[in-house]
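First the structure, in the form of structure tokens, and then the observations on it.
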Amino acid sequence: MSTSPRSRETTARELHRRLPHPPPGRPGPAGDRRGRRRGARPGARLGLGAPALAPRAPGAYDRPCAPPRGGPGGRQPGGDLRAGGGLVRISAVARERRHTLAFLDGIRGFAPVFLGTSVDMGNVREHRAGQASGRRISTVTYVLQVAARVLAAHPEANAALRGRSRVARYDGVHGKFTLDRTLVGRRVVLSAVLPDLERAALDEIQERVDHFREGDPATMPEFAGVRALQRLPGPLRTLAYRAATRPLRRRASTTGTFAVSSLGHRPVEAFHSVGGTTITLGLGATADRPAVRDGRVVVAPVLPLSLTFDHRVIDGAEAADVLAEIKEGLESFKGSGVQGA
């Protein structure tokens, strides 16, 4: 049975009459506004067969919304939020990690490129086992010494950049290494710079490494600057960090001329880090893996070694030479000439 145009208009008007209308001065649904335009028929856009809207109680537009649970914005006492049926705890960044934020702000201008290789540490393991002093030499110490001697032969890589056009090249090779420490009950990353490593004996380097690993970072004078940074608010912290590290004449003593960072305490097979220096070495875990010796495949202790370089200072060919020579120095490591020759 067909419906005449007049019957359709009557039906649309009836639907429009049943719709709730907002109080004066309040905007209503889009259908109401469209229906009140000049020359538009009431409910003309509804069309036949459109689902009927459930009538709302009078004054529905004046009914205030119920506040979310936990107060305005769903915030719970103590800075918590309700989200997705769970509790989200929000707090300020721990003071003990604020020096890391300052460091990350300082390296935003870097142009890092990542290289990687693997090192047969068989000779290093034999040398470590034959130490008469009884002191255990860490993998980080071996890498610090070998890398320092390689960089002494590559002055272009033993350098630092300020801005876009000023480069400093240093006579001494100063190595920075990272420390996994606990400060005021919180696990943090700290770093220390060891100067003039190209002339340092292996035992001497290990003694300096142990000094920082065994000392209390909450009281050691070497970390007084870190503790001062942690007490500063964000903008002042950034300015203080830049003032300490931006001048090229201070860069070698504050950030080193190269950096070594290790995650060898866990089964990490690849680790790339940006240490704020032109060359940063990343150490994974030394583990028994297949290696080729004299044309034969054997099981050997293999160290995953990565090198990150700042492309603003050197190019890939120079960085590849540095990585290859560090690999060769570790794989051919002998007891002779180790003590600062």
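We label chains A, B, ... in the order they appear in the structure tokens, count residues from 1 in each chain, and number ligands from 1 in the order shown.
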
Could you make a table, as a tab-separated table, of the residues of region 262-301 of chain A that have an atom within 12 Å of an atom of region 235-252 of chain A, each with its nearest atom pair and distance in Å to one decimal, counting only C-alpha atoms, in chain and number order?
residue	atom	partner	partner_atom	distance
A:Gly276	CA	A:Thr245	CA	9.9
A:Thr277	CA	A:Arg251	CA	9.1
A:Thr278	CA	A:Ala252	CA	11.2

Could the residues in this selection be written to a file with N, CA, C and O atoms, as a CSV table (one decimal), in the first residue's frame?
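Now in part_4.csv:
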chain,number,residue,atom,x,y,z
A,276,GLY,N,77.1,9.9,24.6
A,276,GLY,CA,77.5,11.3,24.6
A,276,GLY,C,78.9,11.6,24.1
A,276,GLY,O,79.4,12.7,24.2
A,277,THR,N,79.5,10.6,23.5
A,277,THR,CA,80.9,10.7,23.0
A,277,THR,C,80.9,10.3,21.5
A,277,THR,O,79.9,9.7,21.0
A,278,THR,N,81.9,10.7,20.8
A,278,THR,CA,82.0,10.3,19.3
A,278,THR,C,81.9,8.8,19.1
A,278,THR,O,81.3,8.3,18.2

Using only C-alpha atoms, which protein or nucleic acid residues come within 12 Å of Ala324 (chain A)? Drop anything in the same chain fewer than 2 positions from it, and give the result as a ChimeraX atom specification.
/A:115-119,146-147,150-151,305-307,317-322,326-331

Problem - Long-range neighbours of Thr255 (chain A) as a PyMOL selection string, 9 Å cut-off, only C-alpha atoms, 6 positions minimum in chain - result: chain A and resi 174-176+191-193+245+275-277

Using DSSP on the backbone coordinates, identify the residues of region 86-302 of chain A assigned to alpha helix (DSSP H); present them as a PDB file with N, CA and C atoms, in the first residue's frame.
ATOM      1  N   ARG A  98      67.009  11.991  37.743  1.00  0.00           N
ATOM      2  CA  ARG A  98      66.936  13.259  37.021  1.00  0.00           C
ATOM      3  C   ARG A  98      68.226  13.589  36.278  1.00  0.00           C
ATOM      4  N   HIS A  99      69.359  13.102  36.767  1.00  0.00           N
ATOM      5  CA  HIS A  99      70.601  13.350  36.033  1.00  0.00           C
ATOM      6  C   HIS A  99      70.581  12.636  34.683  1.00  0.00           C
ATOM      7  N   THR A 100      69.888  11.488  34.610  1.00  0.00           N
ATOM      8  CA  THR A 100      69.764  10.786  33.332  1.00  0.00           C
ATOM      9  C   THR A 100      68.943  11.607  32.344  1.00  0.00           C
ATOM     10  N   LEU A 101      67.893  12.262  32.824  1.00  0.00           N
ATOM     11  CA  LEU A 101      67.095  13.120  31.944  1.00  0.00           C
ATOM     12  C   LEU A 101      67.930  14.283  31.408  1.00  0.00           C
ATOM     13  N   ALA A 102      68.779  14.851  32.262  1.00  0.00           N
ATOM     14  CA  ALA A 102      69.648  15.938  31.798  1.00  0.00           C
ATOM     15  C   ALA A 102      70.614  15.437  30.731  1.00  0.00           C
ATOM     16  N   PHE A 103      71.149  14.240  30.918  1.00  0.00           N
ATOM     17  CA  PHE A 103      72.053  13.663  29.917  1.00  0.00           C
ATOM     18  C   PHE A 103      71.328  13.438  28.592  1.00  0.00           C
ATOM     19  N   LEU A 104      70.118  12.897  28.644  1.00  0.00           N
ATOM     20  CA  LEU A 104      69.372  12.633  27.413  1.00  0.00           C
ATOM     21  C   LEU A 104      69.026  13.926  26.679  1.00  0.00           C
ATOM     22  N   ASP A 105      68.730  14.984  27.427  1.00  0.00           N
ATOM     23  CA  ASP A 105      68.518  16.283  26.780  1.00  0.00           C
ATOM     24  C   ASP A 105      69.783  16.747  26.061  1.00  0.00           C
ATOM     25  N   GLY A 106      70.937  16.446  26.649  1.00  0.00           N
ATOM     26  CA  GLY A 106      72.192  16.921  26.086  1.00  0.00           C
ATOM     27  C   GLY A 106      72.628  16.215  24.821  1.00  0.00           C
ATOM     28  N   GLY A 122      88.789 -15.848  23.641  1.00  0.00           N
ATOM     29  CA  GLY A 122      89.580 -16.963  24.159  1.00  0.00           C
ATOM     30  C   GLY A 122      90.887 -16.518  24.786  1.00  0.00           C
ATOM     31  N   ASN A 123      91.637 -15.638  24.114  1.00  0.00           N
ATOM     32  CA  ASN A 123      92.906 -15.168  24.670  1.00  0.00           C
ATOM     33  C   ASN A 123      92.697 -14.327  25.924  1.00  0.00           C
ATOM     34  N   VAL A 124      91.634 -13.538  25.944  1.00  0.00           N
ATOM     35  CA  VAL A 124      91.335 -12.756  27.146  1.00  0.00           C
ATOM     36  C   VAL A 124      91.028 -13.681  28.312  1.00  0.00           C
ATOM     37  N   ARG A 125      90.277 -14.740  28.057  1.00  0.00           N
ATOM     38  CA  ARG A 125      89.950 -15.679  29.136  1.00  0.00           C
ATOM     39  C   ARG A 125      91.211 -16.355  29.664  1.00  0.00           C
ATOM     40  N   GLU A 126      92.123 -16.725  28.769  1.00  0.00           N
ATOM     41  CA  GLU A 126      93.368 -17.350  29.216  1.00  0.00           C
ATOM     42  C   GLU A 126      94.205 -16.371  30.036  1.00  0.00           C
ATOM     43  N   HIS A 127      94.259 -15.125  29.598  1.00  0.00           N
ATOM     44  CA  HIS A 127      95.028 -14.134  30.348  1.00  0.00           C
ATOM     45  C   HIS A 127      94.418 -13.903  31.723  1.00  0.00           C
ATOM     46  N   ARG A 128      93.119 -13.843  31.791  1.00  0.00           N
ATOM     47  CA  ARG A 128      92.457 -13.631  33.075  1.00  0.00           C
ATOM     48  C   ARG A 128      92.732 -14.785  34.029  1.00  0.00           C
ATOM     49  N   ALA A 129      92.717 -16.011  33.516  1.00  0.00           N
ATOM     50  CA  ALA A 129      92.963 -17.174  34.371  1.00  0.00           C
ATOM     51  C   ALA A 129      94.400 -17.214  34.873  1.00  0.00           C
ATOM     52  N   THR A 139      85.704  -7.728  31.979  1.00  0.00           N
ATOM     53  CA  THR A 139      85.667  -7.532  30.528  1.00  0.00           C
ATOM     54  C   THR A 139      85.693  -6.050  30.183  1.00  0.00           C
ATOM     55  N   VAL A 140      85.007  -5.235  30.972  1.00  0.00           N
ATOM     56  CA  VAL A 140      84.996  -3.787  30.730  1.00  0.00           C
ATOM     57  C   VAL A 140      86.414  -3.229  30.777  1.00  0.00           C
ATOM     58  N   THR A 141      87.227  -3.718  31.702  1.00  0.00           N
ATOM     59  CA  THR A 141      88.594  -3.219  31.829  1.00  0.00           C
ATOM     60  C   THR A 141      89.430  -3.577  30.607  1.00  0.00           C
ATOM     61  N   TYR A 142      89.308  -4.814  30.133  1.00  0.00           N
ATOM     62  CA  TYR A 142      90.030  -5.194  28.914  1.00  0.00           C
ATOM     63  C   TYR A 142      89.615  -4.300  27.740  1.00  0.00           C
ATOM     64  N   VAL A 143      88.321  -4.059  27.600  1.00  0.00           N
ATOM     65  CA  VAL A 143      87.841  -3.244  26.482  1.00  0.00           C
ATOM     66  C   VAL A 143      88.317  -1.804  26.634  1.00  0.00           C
ATOM     67  N   LEU A 144      88.303  -1.266  27.848  1.00  0.00           N
ATOM     68  CA  LEU A 144      88.773   0.101  28.060  1.00  0.00           C
ATOM     69  C   LEU A 144      90.219   0.263  27.617  1.00  0.00           C
ATOM     70  N   GLN A 145      91.075  -0.687  27.999  1.00  0.00           N
ATOM     71  CA  GLN A 145      92.483  -0.537  27.649  1.00  0.00           C
ATOM     72  C   GLN A 145      92.724  -0.688  26.148  1.00  0.00           C
ATOM     73  N   VAL A 146      92.137  -1.728  25.555  1.00  0.00           N
ATOM     74  CA  VAL A 146      92.358  -1.953  24.125  1.00  0.00           C
ATOM     75  C   VAL A 146      91.788  -0.801  23.306  1.00  0.00           C
ATOM     76  N   ALA A 147      90.573  -0.355  23.639  1.00  0.00           N
ATOM     77  CA  ALA A 147      89.941   0.727  22.879  1.00  0.00           C
ATOM     78  C   ALA A 147      90.731   2.022  23.017  1.00  0.00           C
ATOM     79  N   ALA A 148      91.279   2.292  24.195  1.00  0.00           N
ATOM     80  CA  ALA A 148      92.048   3.525  24.383  1.00  0.00           C
ATOM     81  C   ALA A 148      93.281   3.539  23.494  1.00  0.00           C
ATOM     82  N   ARG A 149      93.938   2.406  23.368  1.00  0.00           N
ATOM     83  CA  ARG A 149      95.140   2.360  22.530  1.00  0.00           C
ATOM     84  C   ARG A 149      94.783   2.464  21.047  1.00  0.00           C
ATOM     85  N   VAL A 150      93.647   1.912  20.670  1.00  0.00           N
ATOM     86  CA  VAL A 150      93.212   2.051  19.279  1.00  0.00           C
ATOM     87  C   VAL A 150      92.877   3.506  18.973  1.00  0.00           C
ATOM     88  N   LEU A 151      92.152   4.164  19.870  1.00  0.00           N
ATOM     89  CA  LEU A 151      91.758   5.553  19.627  1.00  0.00           C
ATOM     90  C   LEU A 151      92.954   6.501  19.652  1.00  0.00           C
ATOM     91  N   ALA A 152      93.998   6.146  20.384  1.00  0.00           N
ATOM     92  CA  ALA A 152      95.203   6.976  20.353  1.00  0.00           C
ATOM     93  C   ALA A 152      95.806   7.008  18.950  1.00  0.00           C
ATOM     94  N   LEU A 202      96.837  -2.533  32.953  1.00  0.00           N
ATOM     95  CA  LEU A 202      95.562  -3.224  33.138  1.00  0.00           C
ATOM     96  C   LEU A 202      95.149  -3.245  34.608  1.00  0.00           C
ATOM     97  N   ASP A 203      96.088  -3.571  35.501  1.00  0.00           N
ATOM     98  CA  ASP A 203      95.764  -3.600  36.933  1.00  0.00           C
ATOM     99  C   ASP A 203      95.373  -2.215  37.441  1.00  0.00           C
ATOM    100  N   GLU A 204      96.021  -1.190  36.912  1.00  0.00           N
ATOM    101  CA  GLU A 204      95.690   0.179  37.328  1.00  0.00           C
ATOM    102  C   GLU A 204      94.263   0.545  36.917  1.00  0.00           C
ATOM    103  N   ILE A 205      93.893   0.173  35.699  1.00  0.00           N
ATOM    104  CA  ILE A 205      92.528   0.460  35.242  1.00  0.00           C
ATOM    105  C   ILE A 205      91.517  -0.281  36.103  1.00  0.00           C
ATOM    106  N   GLN A 206      91.801  -1.554  36.398  1.00  0.00           N
ATOM    107  CA  GLN A 206      90.866  -2.330  37.210  1.00  0.00           C
ATOM    108  C   GLN A 206      90.731  -1.743  38.611  1.00  0.00           C
ATOM    109  N   GLU A 207      91.817  -1.252  39.158  1.00  0.00           N
ATOM    110  CA  GLU A 207      91.758  -0.640  40.489  1.00  0.00           C
ATOM    111  C   GLU A 207      90.853   0.587  40.482  1.00  0.00           C
ATOM    112  N   ARG A 208      90.939   1.388  39.429  1.00  0.00           N
ATOM    113  CA  ARG A 208      90.079   2.572  39.342  1.00  0.00           C
ATOM    114  C   ARG A 208      88.623   2.182  39.107  1.00  0.00           C
ATOM    115  N   VAL A 209      88.400   1.153  38.306  1.00  0.00           N
ATOM    116  CA  VAL A 209      87.031   0.674  38.089  1.00  0.00           C
ATOM    117  C   VAL A 209      86.432   0.178  39.397  1.00  0.00           C
ATOM    118  N   ASP A 210      87.204  -0.593  40.165  1.00  0.00           N
ATOM    119  CA  ASP A 210      86.709  -1.110  41.443  1.00  0.00           C
ATOM    120  C   ASP A 210      86.402   0.017  42.425  1.00  0.00           C
ATOM    121  N   HIS A 211      87.178   1.076  42.369  1.00  0.00           N
ATOM    122  CA  HIS A 211      86.927   2.213  43.260  1.00  0.00           C
ATOM    123  C   HIS A 211      85.510   2.749  43.072  1.00  0.00           C
ATOM    124  N   PHE A 212      85.070   2.877  41.839  1.00  0.00           N
ATOM    125  CA  PHE A 212      83.735   3.407  41.581  1.00  0.00           C
ATOM    126  C   PHE A 212      82.654   2.351  41.789  1.00  0.00           C
ATOM    127  N   ARG A 213      82.983   1.107  41.554  1.00  0.00           N
ATOM    128  CA  ARG A 213      81.986   0.058  41.733  1.00  0.00           C
ATOM    129  C   ARG A 213      81.717  -0.241  43.201  1.00  0.00           C
ATOM    130  N   GLU A 214      82.719  -0.063  44.043  1.00  0.00           N
ATOM    131  CA  GLU A 214      82.577  -0.440  45.451  1.00  0.00           C
ATOM    132  C   GLU A 214      82.237   0.735  46.356  1.00  0.00           C
ATOM    133  N   ALA A 224      79.419  14.195  43.397  1.00  0.00           N
ATOM    134  CA  ALA A 224      78.781  15.378  43.979  1.00  0.00           C
ATOM    135  C   ALA A 224      78.014  16.166  42.919  1.00  0.00           C
ATOM    136  N   GLY A 225      78.562  16.257  41.702  1.00  0.00           N
ATOM    137  CA  GLY A 225      77.867  16.969  40.635  1.00  0.00           C
ATOM    138  C   GLY A 225      76.558  16.305  40.252  1.00  0.00           C
ATOM    139  N   VAL A 226      76.533  14.980  40.247  1.00  0.00           N
ATOM    140  CA  VAL A 226      75.298  14.253  39.945  1.00  0.00           C
ATOM    141  C   VAL A 226      74.248  14.537  41.004  1.00  0.00           C
ATOM    142  N   ARG A 227      74.650  14.498  42.252  1.00  0.00           N
ATOM    143  CA  ARG A 227      73.688  14.758  43.333  1.00  0.00           C
ATOM    144  C   ARG A 227      73.167  16.191  43.271  1.00  0.00           C
ATOM    145  N   ALA A 228      74.029  17.127  42.872  1.00  0.00           N
ATOM    146  CA  ALA A 228      73.575  18.514  42.735  1.00  0.00           C
ATOM    147  C   ALA A 228      72.562  18.650  41.604  1.00  0.00           C
ATOM    148  N   LEU A 229      72.797  17.967  40.485  1.00  0.00           N
ATOM    149  CA  LEU A 229      71.837  18.005  39.379  1.00  0.00           C
ATOM    150  C   LEU A 229      70.480  17.464  39.807  1.00  0.00           C
ATOM    151  N   GLN A 230      70.488  16.421  40.601  1.00  0.00           N
ATOM    152  CA  GLN A 230      69.232  15.797  41.009  1.00  0.00           C
ATOM    153  C   GLN A 230      68.375  16.724  41.863  1.00  0.00           C
ATOM    154  N   ARG A 231      68.994  17.677  42.526  1.00  0.00           N
ATOM    155  CA  ARG A 231      68.231  18.588  43.388  1.00  0.00           C
ATOM    156  C   ARG A 231      67.652  19.774  42.628  1.00  0.00           C
ATOM    157  N   GLY A 234      63.754  21.186  36.600  1.00  0.00           N
ATOM    158  CA  GLY A 234      64.042  20.846  35.212  1.00  0.00           C
ATOM    159  C   GLY A 234      64.831  21.870  34.424  1.00  0.00           C
ATOM    160  N   PRO A 235      64.354  23.115  34.269  1.00  0.00           N
ATOM    161  CA  PRO A 235      65.090  24.089  33.443  1.00  0.00           C
ATOM    162  C   PRO A 235      66.488  24.385  33.968  1.00  0.00           C
ATOM    163  N   LEU A 236      66.625  24.541  35.278  1.00  0.00           N
ATOM    164  CA  LEU A 236      67.948  24.810  35.843  1.00  0.00           C
ATOM    165  C   LEU A 236      68.859  23.600  35.701  1.00  0.00           C
ATOM    166  N   ARG A 237      68.287  22.414  35.815  1.00  0.00           N
ATOM    167  CA  ARG A 237      69.083  21.189  35.666  1.00  0.00           C
ATOM    168  C   ARG A 237      69.672  21.107  34.259  1.00  0.00           C
ATOM    169  N   THR A 238      68.861  21.418  33.256  1.00  0.00           N
ATOM    170  CA  THR A 238      69.348  21.388  31.878  1.00  0.00           C
ATOM    171  C   THR A 238      70.450  22.414  31.661  1.00  0.00           C
ATOM    172  N   LEU A 239      70.255  23.625  32.184  1.00  0.00           N
ATOM    173  CA  LEU A 239      71.269  24.670  32.024  1.00  0.00           C
ATOM    174  C   LEU A 239      72.566  24.300  32.733  1.00  0.00           C
ATOM    175  N   ALA A 240      72.452  23.727  33.927  1.00  0.00           N
ATOM    176  CA  ALA A 240      73.654  23.354  34.676  1.00  0.00           C
ATOM    177  C   ALA A 240      74.424  22.245  33.960  1.00  0.00           C
ATOM    178  N   TYR A 241      73.694  21.285  33.408  1.00  0.00           N
ATOM    179  CA  TYR A 241      74.369  20.194  32.690  1.00  0.00           C
ATOM    180  C   TYR A 241      75.085  20.728  31.451  1.00  0.00           C
ATOM    181  N   ARG A 242      74.433  21.617  30.718  1.00  0.00           N
ATOM    182  CA  ARG A 242      75.067  22.179  29.530  1.00  0.00           C
ATOM    183  C   ARG A 242      76.294  23.005  29.892  1.00  0.00           C
ATOM    184  N   ALA A 243      76.204  23.748  30.984  1.00  0.00           N
ATOM    185  CA  ALA A 243      77.352  24.561  31.393  1.00  0.00           C
ATOM    186  C   ALA A 243      78.553  23.691  31.740  1.00  0.00           C
ATOM    187  N   ALA A 244      78.292  22.489  32.272  1.00  0.00           N
ATOM    188  CA  ALA A 244      79.385  21.608  32.673  1.00  0.00           C
ATOM    189  C   ALA A 244      79.961  20.811  31.511  1.00  0.00           C
ATOM    190  N   THR A 245      79.149  20.528  30.493  1.00  0.00           N
ATOM    191  CA  THR A 245      79.594  19.615  29.432  1.00  0.00           C
ATOM    192  C   THR A 245      79.749  20.265  28.066  1.00  0.00           C
ATOM    193  N   LEU A 248      84.217  22.710  25.026  1.00  0.00           N
ATOM    194  CA  LEU A 248      85.070  21.635  24.523  1.00  0.00           C
ATOM    195  C   LEU A 248      86.273  21.388  25.420  1.00  0.00           C
ATOM    196  N   ARG A 249      86.754  22.419  26.098  1.00  0.00           N
ATOM    197  CA  ARG A 249      87.928  22.226  26.950  1.00  0.00           C
ATOM    198  C   ARG A 249      87.600  21.360  28.167  1.00  0.00           C
ATOM    199  N   ARG A 250      86.311  21.295  28.548  1.00  0.00           N
ATOM    200  CA  ARG A 250      85.913  20.468  29.690  1.00  0.00           C
ATOM    201  C   ARG A 250      85.383  19.103  29.271  1.00  0.00           C
ATOM    202  N   ARG A 251      85.081  18.949  28.015  1.00  0.00           N
ATOM    203  CA  ARG A 251      84.350  17.769  27.574  1.00  0.00           C
ATOM    204  C   ARG A 251      85.080  16.471  27.911  1.00  0.00           C
ATOM    205  N   ALA A 252      86.387  16.440  27.717  1.00  0.00           N
ATOM    206  CA  ALA A 252      87.127  15.197  27.944  1.00  0.00           C
ATOM    207  C   ALA A 252      87.059  14.751  29.394  1.00  0.00           C
ATOM    208  N   SER A 253      87.087  15.700  30.324  1.00  0.00           N
ATOM    209  CA  SER A 253      87.087  15.334  31.742  1.00  0.00           C
ATOM    210  C   SER A 253      85.688  15.078  32.278  1.00  0.00           C
ATOM    211  N   THR A 254      84.654  15.614  31.634  1.00  0.00           N
ATOM    212  CA  THR A 254      83.295  15.436  32.148  1.00  0.00           C
ATOM    213  C   THR A 254      82.553  14.280  31.490  1.00  0.00           C
ATOM    214  N   THR A 255      82.758  14.078  30.193  1.00  0.00           N
ATOM    215  CA  THR A 255      82.057  12.990  29.499  1.00  0.00           C
ATOM    216  C   THR A 255      82.998  11.977  28.876  1.00  0.00           C
TER     217      THR A 255
END

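Using only C-alpha atoms, the shortest contact distance between Phe223 (chain A) and any of A:Arg312, A:Arg296, A:Arg89, A:Arg181 is found at A:Arg181.
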
Using only C-alpha atoms, the residue out of A:Val313, A:Met220, A:Val297, A:Ala92 with shortest distance to Ala111 (chain A) is A:Val313

Hey, can you check how far CA of Thr308 (chain A) sits from CA of Val292 (chain A)?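 We find that CA of Thr308 (chain A) and CA of Val292 (chain A) lie 25.6 Å from each other.
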
- Query: Which one is closest to Ala157 (chain A): A:Ile279, A:Leu81, A:Leu303, A:Val260? Count only C-alpha atoms.
  - Reply: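 The answer is A:Ile279, which sits nearest to Ala157 (chain A).
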
* In region 120-161 of chain A, what's strand (DSSP E or B) per DSSP? Answer as a VMD selection string? -> chain A and resid 120 159 to 161

Keeping only C-alpha atoms, write the selected residues as a PDB file, in the first residue's frame.
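See part_21.pdb below for the written result:
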ATOM      1  CA  ASP A 120      86.439 -14.348  20.245  1.00  0.00           C
ATOM      2  CA  ALA A 159      87.286  14.062  19.282  1.00  0.00           C
ATOM      3  CA  ALA A 160      84.207  16.044  20.255  1.00  0.00           C
ATOM      4  CA  LEU A 161      81.926  18.462  18.427  1.00  0.00           C
TER       5      LEU A 161
END

One decimal place gives the CA of Arg135 (chain A)-CA of Val189 (chain A) separation as 24.8 Å

Closest of A:Leu194, A:Ser273, A:Met121, A:Gly172 to Arg293 (chain A), counting only C-alpha atoms, is A:Met121

*asked:* Between CA of Ser262 (chain A) and CA of Gly284 (chain A), what is the distance in Å, rounded to a tenth?
replied: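 So the answer is 6.2 Å.
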